[in-house]
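Structure file query36.tsv (TSV, C-alpha atoms and all ligand atoms) follows.
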```tsv
chain	number	residue	atom	x	y	z
A	1	MET	CA	-17.70	14.07	24.63
A	2	LYS	CA	-16.96	17.36	22.86
A	3	CYS	CA	-14.77	18.06	19.84
A	4	LYS	CA	-11.48	19.48	21.05
A	5	ILE	CA	-11.37	21.97	18.19
A	6	CYS	CA	-14.89	23.40	18.01
A	7	GLY	CA	-16.74	22.11	21.09
A	8	ARG	CA	-19.52	20.46	19.10
A	9	GLU	CA	-20.56	16.87	19.78
A	10	ALA	CA	-17.59	14.57	19.04
A	11	ILE	CA	-18.11	11.38	17.04
A	12	VAL	CA	-14.75	9.74	17.72
A	13	LYS	CA	-12.11	9.59	20.40
A	14	LEU	CA	-8.52	8.93	19.36
A	15	ARG	CA	-6.73	7.61	22.40
A	16	SER	CA	-3.26	7.79	20.85
A	17	TYR	CA	-3.63	11.55	20.59
A	18	ASN	CA	-6.02	11.99	23.53
A	19	LEU	CA	-8.27	13.73	21.04
A	20	ALA	CA	-12.06	13.80	20.57
A	21	LEU	CA	-13.30	15.17	17.26
A	22	CYS	CA	-16.51	16.02	15.40
A	23	LYS	CA	-17.09	14.83	11.83
A	24	GLU	CA	-15.68	17.95	10.17
A	25	HIS	CA	-12.56	18.02	12.31
A	26	TYR	CA	-11.99	14.29	12.01
A	27	VAL	CA	-11.88	14.62	8.22
A	28	GLU	CA	-9.48	17.53	8.71
A	29	PHE	CA	-7.35	15.42	11.06
A	30	VAL	CA	-6.95	12.61	8.50
A	31	LYS	CA	-5.99	15.04	5.75
A	32	ARG	CA	-3.44	16.68	8.02
A	33	ARG	CA	-1.86	13.34	8.92
A	34	VAL	CA	-1.45	12.59	5.20
A	35	GLU	CA	-0.09	16.06	4.48
A	36	LYS	CA	2.29	15.69	7.41
A	37	ALA	CA	3.66	12.39	6.07
A	38	ILE	CA	4.07	13.88	2.58
A	39	LYS	CA	6.03	16.86	3.94
A	40	LYS	CA	7.98	15.06	6.68
A	41	PHE	CA	9.30	12.41	4.30
A	42	LYS	CA	9.52	14.78	1.29
A	43	MET	CA	7.35	12.48	-0.83
A	44	PHE	CA	6.18	14.80	-3.64
A	45	ASN	CA	4.71	18.24	-4.32
A	46	LYS	CA	1.65	19.67	-6.08
A	47	ASP	CA	3.41	19.84	-9.46
A	48	ASN	CA	4.22	16.13	-9.44
A	49	ARG	CA	2.07	13.54	-11.18
A	50	ILE	CA	1.21	10.70	-8.84
A	51	LEU	CA	0.06	7.23	-9.80
A	52	VAL	CA	-2.12	5.81	-7.02
A	53	ALA	CA	-2.17	2.01	-6.87
A	54	VAL	CA	-5.84	1.24	-6.22
A	55	SER	CA	-6.94	-2.22	-5.15
A	56	GLY	CA	-10.52	-1.28	-4.25
A	57	GLY	CA	-9.77	-1.82	-0.55
A	58	LYS	CA	-10.36	0.93	2.02
A	59	ASP	CA	-6.71	2.01	2.27
A	60	SER	CA	-6.11	2.74	-1.41
A	61	ILE	CA	-9.56	4.33	-1.81
A	62	VAL	CA	-8.96	6.62	1.18
A	63	LEU	CA	-5.47	7.39	-0.11
A	64	TRP	CA	-6.81	8.42	-3.50
A	65	HIS	CA	-9.64	10.45	-1.93
A	66	VAL	CA	-7.34	12.34	0.43
A	67	LEU	CA	-4.64	13.07	-2.17
A	68	HIS	CA	-7.26	14.30	-4.61
A	69	SER	CA	-8.99	16.50	-2.04
A	70	LEU	CA	-5.64	17.96	-0.96
A	71	GLY	CA	-5.16	19.08	-4.56
A	72	TYR	CA	-2.51	16.63	-5.74
A	73	LYS	CA	-2.45	15.49	-9.38
A	74	THR	CA	-3.47	11.85	-9.27
A	75	THR	CA	-4.19	9.02	-11.68
A	76	GLY	CA	-5.43	5.67	-10.42
A	77	TYR	CA	-3.95	2.34	-11.41
A	78	PHE	CA	-5.90	-0.88	-11.07
A	79	LEU	CA	-4.44	-4.29	-11.81
A	80	ASN	CA	-7.06	-6.97	-12.47
A	81	LEU	CA	-5.55	-10.17	-11.06
A	82	GLY	CA	-8.20	-12.43	-12.59
A	83	ILE	CA	-9.50	-13.65	-9.22
A	84	ASP	CA	-13.09	-14.08	-10.49
A	85	GLU	CA	-15.74	-12.26	-8.50
A	86	PHE	CA	-13.18	-10.63	-6.18
A	87	SER	CA	-11.26	-8.91	-8.98
A	88	MET	CA	-14.42	-7.90	-10.83
A	89	LYS	CA	-15.97	-6.35	-7.75
A	90	SER	CA	-12.71	-4.57	-6.84
A	91	GLN	CA	-12.47	-3.16	-10.35
A	92	GLU	CA	-16.08	-1.94	-10.24
A	93	ILE	CA	-15.31	-0.07	-7.04
A	94	ALA	CA	-12.19	1.56	-8.48
A	95	GLU	CA	-14.19	2.56	-11.58
A	96	GLU	CA	-17.10	3.86	-9.52
A	97	PHE	CA	-14.72	5.99	-7.45
A	98	ALA	CA	-12.88	7.36	-10.50
A	99	LYS	CA	-16.18	8.26	-12.16
A	100	LYS	CA	-17.59	9.93	-9.06
A	101	PHE	CA	-14.58	12.24	-8.72
A	102	ALA	CA	-13.89	12.55	-12.47
A	103	LEU	CA	-10.41	11.05	-12.12
A	104	GLU	CA	-8.38	9.10	-14.62
A	105	LEU	CA	-8.05	5.37	-13.95
A	106	LYS	CA	-5.66	3.08	-15.79
A	107	ILE	CA	-6.59	-0.60	-15.82
A	108	GLU	CA	-4.36	-3.52	-16.69
A	109	TYR	CA	-5.24	-7.21	-16.78
A	110	LEU	CA	-2.80	-9.81	-15.57
A	111	LYS	CA	-4.27	-12.20	-18.17
A	112	ASP	CA	-3.12	-9.86	-20.97
A	113	GLU	CA	0.39	-9.98	-19.59
A	114	LEU	CA	0.79	-13.62	-18.57
A	115	GLY	CA	-2.09	-15.39	-20.28
A	116	VAL	CA	-3.34	-16.53	-16.88
A	117	GLY	CA	-4.61	-15.02	-13.64
A	118	ILE	CA	-3.75	-15.67	-9.98
A	119	PRO	CA	-5.98	-18.81	-9.67
A	120	GLU	CA	-3.93	-20.58	-12.39
A	121	ILE	CA	-0.67	-19.33	-10.89
A	122	ALA	CA	-1.82	-20.68	-7.50
A	123	LYS	CA	-2.06	-24.14	-9.08
A	124	ILE	CA	1.57	-24.13	-10.19
A	125	SER	CA	3.00	-22.46	-7.08
A	126	ARG	CA	3.81	-24.38	-3.96
A	127	GLY	CA	1.61	-23.30	-1.09
A	128	LYS	CA	-0.20	-19.95	-1.07
A	129	PRO	CA	0.18	-17.68	-4.09
A	130	CYS	CA	0.40	-14.53	-1.93
A	131	SER	CA	4.13	-13.93	-2.25
A	132	THR	CA	4.03	-14.51	-6.03
A	133	CYS	CA	1.00	-12.22	-6.24
A	134	GLY	CA	2.88	-9.56	-4.24
A	135	MET	CA	5.85	-9.83	-6.59
A	136	ILE	CA	3.54	-9.51	-9.65
A	137	LYS	CA	1.83	-6.44	-8.21
A	138	ARG	CA	5.15	-4.75	-7.37
A	139	TYR	CA	6.39	-5.43	-10.89
A	140	MET	CA	3.28	-4.28	-12.76
A	141	ILE	CA	2.70	-1.23	-10.54
A	142	ASN	CA	6.35	-0.25	-10.90
A	143	ARG	CA	6.22	-0.53	-14.68
A	144	ALA	CA	3.08	1.61	-14.87
A	145	GLY	CA	4.62	4.07	-12.43
A	146	LEU	CA	7.73	4.79	-14.47
A	147	LYS	CA	5.83	7.42	-16.43
A	148	TYR	CA	4.97	9.27	-13.21
A	149	ASP	CA	6.90	11.24	-10.61
A	150	ALA	CA	5.88	8.78	-7.89
A	151	VAL	CA	3.75	5.73	-7.20
A	152	ALA	CA	1.65	5.99	-4.04
A	153	THR	CA	0.43	2.88	-2.22
A	154	GLY	CA	-2.04	2.53	0.66
A	155	HIS	CA	0.29	0.95	3.25
A	156	ASN	CA	-0.81	2.23	6.65
A	157	LEU	CA	0.70	2.45	10.12
A	158	ASP	CA	-0.54	-1.03	11.07
A	159	ASP	CA	1.00	-2.54	7.94
A	160	GLU	CA	4.31	-0.78	8.45
A	161	SER	CA	4.60	-1.36	12.19
A	162	SER	CA	3.66	-5.06	11.91
A	163	VAL	CA	6.22	-5.61	9.14
A	164	LEU	CA	8.79	-3.80	11.25
A	165	PHE	CA	7.84	-5.87	14.28
A	166	GLY	CA	8.28	-9.11	12.31
A	167	ASN	CA	11.60	-8.00	10.84
A	168	ILE	CA	12.93	-7.08	14.27
A	169	LEU	CA	11.70	-10.31	15.87
A	170	HIS	CA	13.69	-12.26	13.30
A	171	TRP	CA	16.45	-9.65	12.95
A	172	GLN	CA	16.07	-9.42	9.21
A	173	VAL	CA	18.46	-6.50	9.05
A	174	GLU	CA	18.49	-6.44	5.26
A	175	TYR	CA	14.72	-5.84	5.20
A	176	LEU	CA	14.98	-3.24	7.95
A	177	ASP	CA	17.31	-1.24	5.78
A	178	ARG	CA	14.82	-1.15	2.93
A	179	GLN	CA	11.72	-0.36	4.99
A	180	SER	CA	10.93	3.26	4.30
A	181	PRO	CA	7.94	5.52	3.53
A	182	VAL	CA	9.88	6.74	0.47
A	183	LEU	CA	12.00	4.77	-1.98
A	184	PRO	CA	13.77	7.04	-4.46
A	185	ARG	CA	13.72	6.53	-8.23
A	186	ASP	CA	16.56	4.27	-9.34
A	187	ARG	CA	16.85	3.66	-13.09
A	188	SER	CA	13.98	1.22	-13.89
A	189	LEU	CA	12.56	1.45	-10.37
A	190	ALA	CA	9.87	4.10	-9.93
A	191	ARG	CA	9.80	6.37	-6.89
A	192	LYS	CA	7.55	4.72	-4.26
A	193	VAL	CA	5.74	6.56	-1.48
A	194	LYS	CA	3.38	5.58	1.33
A	195	PRO	CA	1.38	8.66	2.38
A	196	LEU	CA	-0.84	6.75	4.86
A	197	VAL	CA	1.99	5.65	7.15
A	198	LEU	CA	0.89	7.96	9.95
A	199	LEU	CA	-2.69	6.61	10.01
A	200	THR	CA	-3.95	3.39	11.57
A	201	ASN	CA	-6.31	0.84	10.10
A	202	PHE	CA	-9.07	2.09	12.39
A	203	GLU	CA	-8.53	5.75	11.47
A	204	ILE	CA	-8.64	4.94	7.75
A	205	LYS	CA	-11.73	2.75	7.99
A	206	PHE	CA	-13.48	5.36	10.11
A	207	TYR	CA	-12.78	8.01	7.45
A	208	ALA	CA	-14.02	5.76	4.62
A	209	ASP	CA	-17.24	4.92	6.49
A	210	LEU	CA	-17.82	8.48	7.62
A	211	LEU	CA	-17.63	9.79	4.05
A	212	GLU	CA	-19.40	6.71	2.67
A	213	LEU	CA	-16.60	5.97	0.24
A	214	PRO	CA	-17.07	2.74	-1.72
A	215	TYR	CA	-14.57	-0.01	-0.91
A	216	ILE	CA	-14.40	-3.78	-1.14
A	217	GLN	CA	-15.52	-5.34	2.13
A	218	TYR	CA	-14.26	-8.87	1.71
A	219	LYS	CA	-10.76	-10.23	1.54
A	220	CYS	CA	-9.04	-11.93	-1.35
A	221	PRO	CA	-10.10	-15.62	-1.32
A	222	PHE	CA	-6.45	-16.70	-1.40
A	223	SER	CA	-5.27	-14.53	1.45
A	224	THR	CA	-4.46	-16.03	4.81
A	225	GLY	CA	-1.76	-13.66	6.01
A	226	ALA	CA	-1.80	-15.52	9.33
A	227	THR	CA	1.55	-14.22	10.56
A	228	THR	CA	0.86	-10.61	9.62
A	229	TYR	CA	-2.54	-10.70	11.34
A	230	PHE	CA	-0.95	-12.18	14.42
A	231	TYR	CA	1.68	-9.42	14.59
A	232	LYS	CA	-1.02	-6.82	14.04
A	233	SER	CA	-3.13	-8.23	16.86
A	234	VAL	CA	-0.14	-8.31	19.22
A	235	LEU	CA	0.60	-4.66	18.43
A	236	GLU	CA	-3.07	-3.84	18.86
A	237	GLU	CA	-2.99	-5.30	22.36
A	238	ILE	CA	0.06	-3.23	23.25
A	239	GLU	CA	-1.66	-0.17	21.76
A	240	GLU	CA	-4.75	-0.83	23.94
A	241	ARG	CA	-2.64	-0.65	27.08
A	242	MET	CA	-0.26	2.03	25.87
A	243	PRO	CA	-1.98	4.28	23.30
A	244	GLY	CA	0.40	5.82	20.80
A	245	THR	CA	2.91	2.96	20.90
A	246	LYS	CA	2.49	1.99	17.24
A	247	VAL	CA	3.28	5.43	15.89
A	248	ARG	CA	6.21	5.91	18.31
A	249	PHE	CA	7.55	2.47	17.42
A	250	PHE	CA	7.49	3.20	13.69
A	251	LEU	CA	8.76	6.79	13.82
A	252	GLY	CA	11.42	5.83	16.37
A	253	PHE	CA	12.66	3.19	13.99
A	254	LEU	CA	12.92	5.67	11.13
A	255	GLU	CA	14.89	8.06	13.34
A	256	ASN	CA	17.29	5.36	14.49
A	257	LYS	CA	17.45	3.53	11.21
A	258	LYS	CA	21.05	4.38	10.40
A	259	GLY	CA	22.14	1.88	13.00
A	260	PHE	CA	20.55	-0.89	10.93
A	261	SER	CA	22.08	-0.23	7.54
A	262	SER	CA	23.24	-3.35	5.79
A	263	PRO	CA	25.69	-3.61	2.89
A	264	HIS	CA	23.98	-2.46	-0.30
A	265	ARG	CA	22.63	-5.07	-2.64
A	266	GLU	CA	24.04	-4.76	-6.11
A	267	LEU	CA	21.07	-4.28	-8.42
A	268	LYS	CA	21.42	-4.79	-12.14
A	269	PRO	CA	18.95	-4.78	-15.04
A	270	CYS	CA	17.11	-8.04	-15.80
A	271	LYS	CA	18.47	-9.51	-19.04
A	272	LYS	CA	14.95	-9.88	-20.42
A	273	CYS	CA	13.05	-6.77	-19.34
A	274	GLY	CA	15.50	-4.34	-17.73
A	275	TYR	CA	13.80	-4.34	-14.31
A	276	LEU	CA	16.39	-3.99	-11.54
A	277	THR	CA	17.07	-7.28	-9.79
A	278	THR	CA	19.76	-9.14	-7.89
A	279	ALA	CA	19.56	-12.12	-10.29
A	280	GLU	CA	20.34	-12.41	-14.00
A	281	VAL	CA	16.65	-12.67	-14.87
A	282	CYS	CA	14.02	-11.08	-12.59
A	283	SER	CA	11.35	-13.13	-10.77
A	284	PHE	CA	8.61	-11.79	-13.02
A	285	CYS	CA	10.35	-12.94	-16.21
A	286	ARG	CA	11.13	-16.29	-14.57
A	287	LEU	CA	7.45	-16.69	-13.70
A	288	LYS	CA	6.55	-15.87	-17.31
A	289	GLU	CA	8.85	-18.66	-18.52
A	290	ARG	CA	7.43	-21.08	-15.98
A	291	ILE	CA	3.88	-20.27	-17.08
A	292	SER	CA	4.62	-20.70	-20.78
A	293	SER	CA	6.18	-24.09	-20.11
A	294	GLN	CA	3.19	-25.26	-18.03
A	295	PHE	CA	0.23	-23.86	-19.93
A	296	ILE	CA	-0.42	-24.23	-23.61
A	297	PHE	CA	-2.06	-21.18	-25.05
A	298	ARG	CA	-4.16	-21.27	-28.12
B	301	ZN	ZN	-15.08	20.05	15.65
B	302	ZN	ZN	12.62	-9.26	-16.12
```

Give the structure from the file, written as structure tokens.
Ligand SMILES: [Zn+2]
Ligand SMILES: [Zn+2]
Amino acid sequence: MKCKICGREAIVKLRSYNLALCKEHYVEFVKRRVEKAIKKFKMFNKDNRILVAVSGGKDSIVLWHVLHSLGYKTTGYFLNLGIDEFSMKSQEIAEEFAKKFALELKIEYLKDELGVGIPEIAKISRGKPCSTCGMIKRYMINRAGLKYDAVATGHNLDDESSVLFGNILHWQVEYLDRQSPVLPRDRSLARKVKPLVLLTNFEIKFYADLLELPYIQYKCPFSTGATTYFYKSVLEEIEERMPGTKVRFFLGFLENKKGFSSPHRELKPCKKCGYLTTAEVCSFCRLKERISSQFIFR
């Protein structure tokens, strides 16, 4: 197997593109896919200041690495969720990465904000804390991102196509309308971008391993994500038989999206914090109230 670009020994074959590549040209390929997404969806330019939400997982680490090596102005943001060992290890990885590339990393602790971490929140929430945790992350990342031109997150093609798949299966038209690689700035909502949307899980992991980037190997102890994993595995099976389906599915949706527009939700500032919400008080402020009524802080 020879690299299609230079003819040297290839180390990977990408069936979706019918492309074999050597190490050097694989790294180039990943960077080009990111650059393509940034340009295609008009995410940001080299003068903009980008806050990269870093969890310590492979996606956000690769995102930060690629944006930095393409010459974008990046600052990392890490939110410590207080999930014992998992959060400490994730933070160490984010710090190690920032130090290695001499990049600025902002760290916030959920405990400073709420007095408790995710394990305590899990005790007072019915079922799995994942959706509450997701809401908290969106809120905190958004707030930190308001000082920047855009907030970049590590959502990849598998994440986006599986979410799309789920939303179509259940015809959640309202969610379809909001699914986009770019969400523009709207008053207290920061601009949100997903530069990894044209890269799969495999392609991102391969890049991280090839360049020996540090990333957290194990999953959050609370995560189950059963439905998402199921959708991902279904799409993976389709991809096996018909390489390139995932990317065509996702890009095709974006091209035909107008047909799915739903009436716009009226967003207004939360009475407590000003964050845009559909309710009087946003979910984050409601959680805060719930926590202060259930835990007594000294
Ligand atoms: Zn090559
Ligand atoms: Zn609020």

| field | Who sits within 10 Å of Tyr231 of chain A, all atoms listed in the file, same chain under 4 positions skipped, as a list in words | value |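 The residues satisfying every condition are Asp158, Asp159, Ser161, Ser162, Val163, Leu164, Phe165, Gly166, Ala226, Thr227, Leu235, Glu236 and Glu237 of chain A.
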
| Atom pair atom ZN of ligand ZN 302 (chain B) / atom CA of Ser293 of chain A: separation (Å) |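 These atoms are spaced 16.7 Å apart.
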
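Distance annotation: of A:His25, A:Lys58, A:Lys13, A:Arg33, the residue with the minimal separation from ligand ZN 301 (chain B) is A:His25; atom set is only C-alpha atoms and all ligand atoms.
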
| request: List every protein, DNA or RNA residue that has at least one atom no more than 10 Å from (-16.1, -7.0, -1.7) in the file's coordinates, counting all atoms listed in the file, and write the result as a list in words. | output: Gly56, Gly57, Glu85, Phe86, Ser87, Met88, Lys89, Ser90, Glu92, Ile93, Pro214, Tyr215, Ile216, Gln217, Tyr218, Lys219 and Cys220 of chain A

| said: So the first atom is atom CA of Phe253 of chain A and the second is atom CA of Val197 of chain A; what is the distance between them in Å, to one decimal place? | reply: 12.9 Å

Close residues to ligand ZN 302 (chain B) using all atoms listed in the file, limit 6 Å, as a PDB file with C-alpha atoms, keeping the file's coordinate frame:
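Listed below is the output, pocket_5.pdb:
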```
ATOM      1  CA  CYS A 270      17.110  -8.040 -15.800  1.00  0.00           C
ATOM      2  CA  LYS A 272      14.950  -9.880 -20.420  1.00  0.00           C
ATOM      3  CA  CYS A 273      13.050  -6.770 -19.340  1.00  0.00           C
ATOM      4  CA  GLY A 274      15.500  -4.340 -17.730  1.00  0.00           C
ATOM      5  CA  TYR A 275      13.800  -4.340 -14.310  1.00  0.00           C
ATOM      6  CA  VAL A 281      16.650 -12.670 -14.870  1.00  0.00           C
ATOM      7  CA  CYS A 282      14.020 -11.080 -12.590  1.00  0.00           C
ATOM      8  CA  PHE A 284       8.610 -11.790 -13.020  1.00  0.00           C
ATOM      9  CA  CYS A 285      10.350 -12.940 -16.210  1.00  0.00           C
TER      10      CYS A 285
END
```

| query | What's the 10 Å shell around Lys36 of chain A, counting all atoms listed in the file, without same-chain residues fewer than 4 positions away, as number ranges by chain? | reply | A: 30-32, 40-42, 195-196, 198

Would you save the residues from that selection as a PDB file, keeping the file's coordinate frame, using C-alpha atoms?
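Listing of out_23.pdb after writing:
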```pdb
ATOM      1  CA  VAL A  30      -6.950  12.610   8.500  1.00  0.00           C
ATOM      2  CA  LYS A  31      -5.990  15.040   5.750  1.00  0.00           C
ATOM      3  CA  ARG A  32      -3.440  16.680   8.020  1.00  0.00           C
ATOM      4  CA  LYS A  40       7.980  15.060   6.680  1.00  0.00           C
ATOM      5  CA  PHE A  41       9.300  12.410   4.300  1.00  0.00           C
ATOM      6  CA  LYS A  42       9.520  14.780   1.290  1.00  0.00           C
ATOM      7  CA  PRO A 195       1.380   8.660   2.380  1.00  0.00           C
ATOM      8  CA  LEU A 196      -0.840   6.750   4.860  1.00  0.00           C
ATOM      9  CA  LEU A 198       0.890   7.960   9.950  1.00  0.00           C
TER      10      LEU A 198
END
```

| query | Residues at most 10 Å from His264 of chain A, counting all atoms listed in the file, excluding those fewer than 5 positions away in the same chain, as JSON, numbers by chain? | reply | {"A": [174, 177, 178]}

Find the residues of chain A that sit at most 6 Å from ligand ZN 301 (chain B); for each, write down the nearest two atoms and how far apart they are in Å, to one decimal. Count all atoms listed in the file. Sort by chain, then by number going up, and give it as CSV.
```
residue,atom,partner,partner_atom,distance
A:Cys3,CA,B:ZN301,ZN,4.6
A:Ile5,CA,B:ZN301,ZN,4.9
A:Cys6,CA,B:ZN301,ZN,4.1
A:Arg8,CA,B:ZN301,ZN,5.6
A:Leu21,CA,B:ZN301,ZN,5.4
A:Cys22,CA,B:ZN301,ZN,4.3
A:Glu24,CA,B:ZN301,ZN,5.9
A:His25,CA,B:ZN301,ZN,4.7
```

Would you give me, as a Markdown table, each residue of segment 165-243 of chain A having an atom within 12 Å of an atom of segment 136-147 of chain A, along with its shortest atom pair and that distance in Å to one decimal, using all atoms listed in the file and sorting by chain and residue number?
```
| residue | atom | partner | partner_atom | distance |
| --- | --- | --- | --- | --- |
| A:Leu183 | CA | A:Asn142 | CA | 11.7 |
| A:Pro184 | CA | A:Leu146 | CA | 11.9 |
| A:Arg185 | CA | A:Leu146 | CA | 8.8 |
| A:Asp186 | CA | A:Leu146 | CA | 10.2 |
| A:Arg187 | CA | A:Leu146 | CA | 9.3 |
| A:Ser188 | CA | A:Leu146 | CA | 7.2 |
| A:Leu189 | CA | A:Asn142 | CA | 6.5 |
| A:Ala190 | CA | A:Leu146 | CA | 5.1 |
| A:Arg191 | CA | A:Gly145 | CA | 7.9 |
| A:Lys192 | CA | A:Asn142 | CA | 8.4 |
| A:Val193 | CA | A:Gly145 | CA | 11.3 |
```

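If you measure from each of A:Val116, A:Val27, A:Met135, A:Ala94 to Glu203 of chain A using all atoms listed in the file, the closest one turns out to be A:Val27.
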
| message | Please compute the atom CA of Tyr17 of chain A-atom CA of Tyr72 of chain A distance, one decimal, in Å. | response | 26.8 Å

Write out, as a Markdown table, each residue of segment 30-88 of chain A that has an atom at most 8 Å from segment 101-104 of chain A, together with the closest pair of atoms and their distance in Å to one decimal, counting only C-alpha atoms, rows going by chain and rising number.
```
| residue | atom | partner | partner_atom | distance |
| --- | --- | --- | --- | --- |
| A:Thr74 | CA | A:Leu103 | CA | 7.5 |
| A:Thr75 | CA | A:Glu104 | CA | 5.1 |
| A:Gly76 | CA | A:Glu104 | CA | 6.2 |
```

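Distance check against Glu120 of chain A using all atoms listed in the file: of A:Val54, A:Gly82, A:His65, A:Pro243, the minimum falls on A:Gly82.
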
| task | Using only C-alpha atoms, find the one residue out of A:Lys46, A:Arg241, A:Lys194, A:Lys2 that sits nearest to Leu157 of chain A. | result |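 Among A:Lys46, A:Arg241, A:Lys194, A:Lys2, it is A:Lys194 that comes nearest to Leu157 of chain A.
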
| said: Just checking: using only C-alpha atoms, which residue out of A:Leu51, A:Ala10, A:Val66, A:Val173 ends up closest to Val151 of chain A? | reply: A:Leu51

| task | Would you mind telling me which residue in A:Asn80, A:Asn48, A:Ser125, A:Ser55 lies nearest to Arg290 of chain A when using all atoms listed in the file? | result |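 Of A:Asn80, A:Asn48, A:Ser125, A:Ser55, the one nearest Arg290 of chain A, counting all atoms listed in the file, is A:Ser125.
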
Mind checking which residues fall within 9 Å of Pro119 of chain A, counting all atoms listed in the file, ignoring those fewer than 6 positions away in the same chain, and posting them as a PDB file with C-alpha atoms, in the coordinates of the input?
```pdb
ATOM      1  CA  LEU A  81      -5.550 -10.170 -11.060  1.00  0.00           C
ATOM      2  CA  GLY A  82      -8.200 -12.430 -12.590  1.00  0.00           C
ATOM      3  CA  ILE A  83      -9.500 -13.650  -9.220  1.00  0.00           C
ATOM      4  CA  ASP A  84     -13.090 -14.080 -10.490  1.00  0.00           C
ATOM      5  CA  PRO A 129       0.180 -17.680  -4.090  1.00  0.00           C
ATOM      6  CA  PHE A 222      -6.450 -16.700  -1.400  1.00  0.00           C
TER       7      PHE A 222
END
```
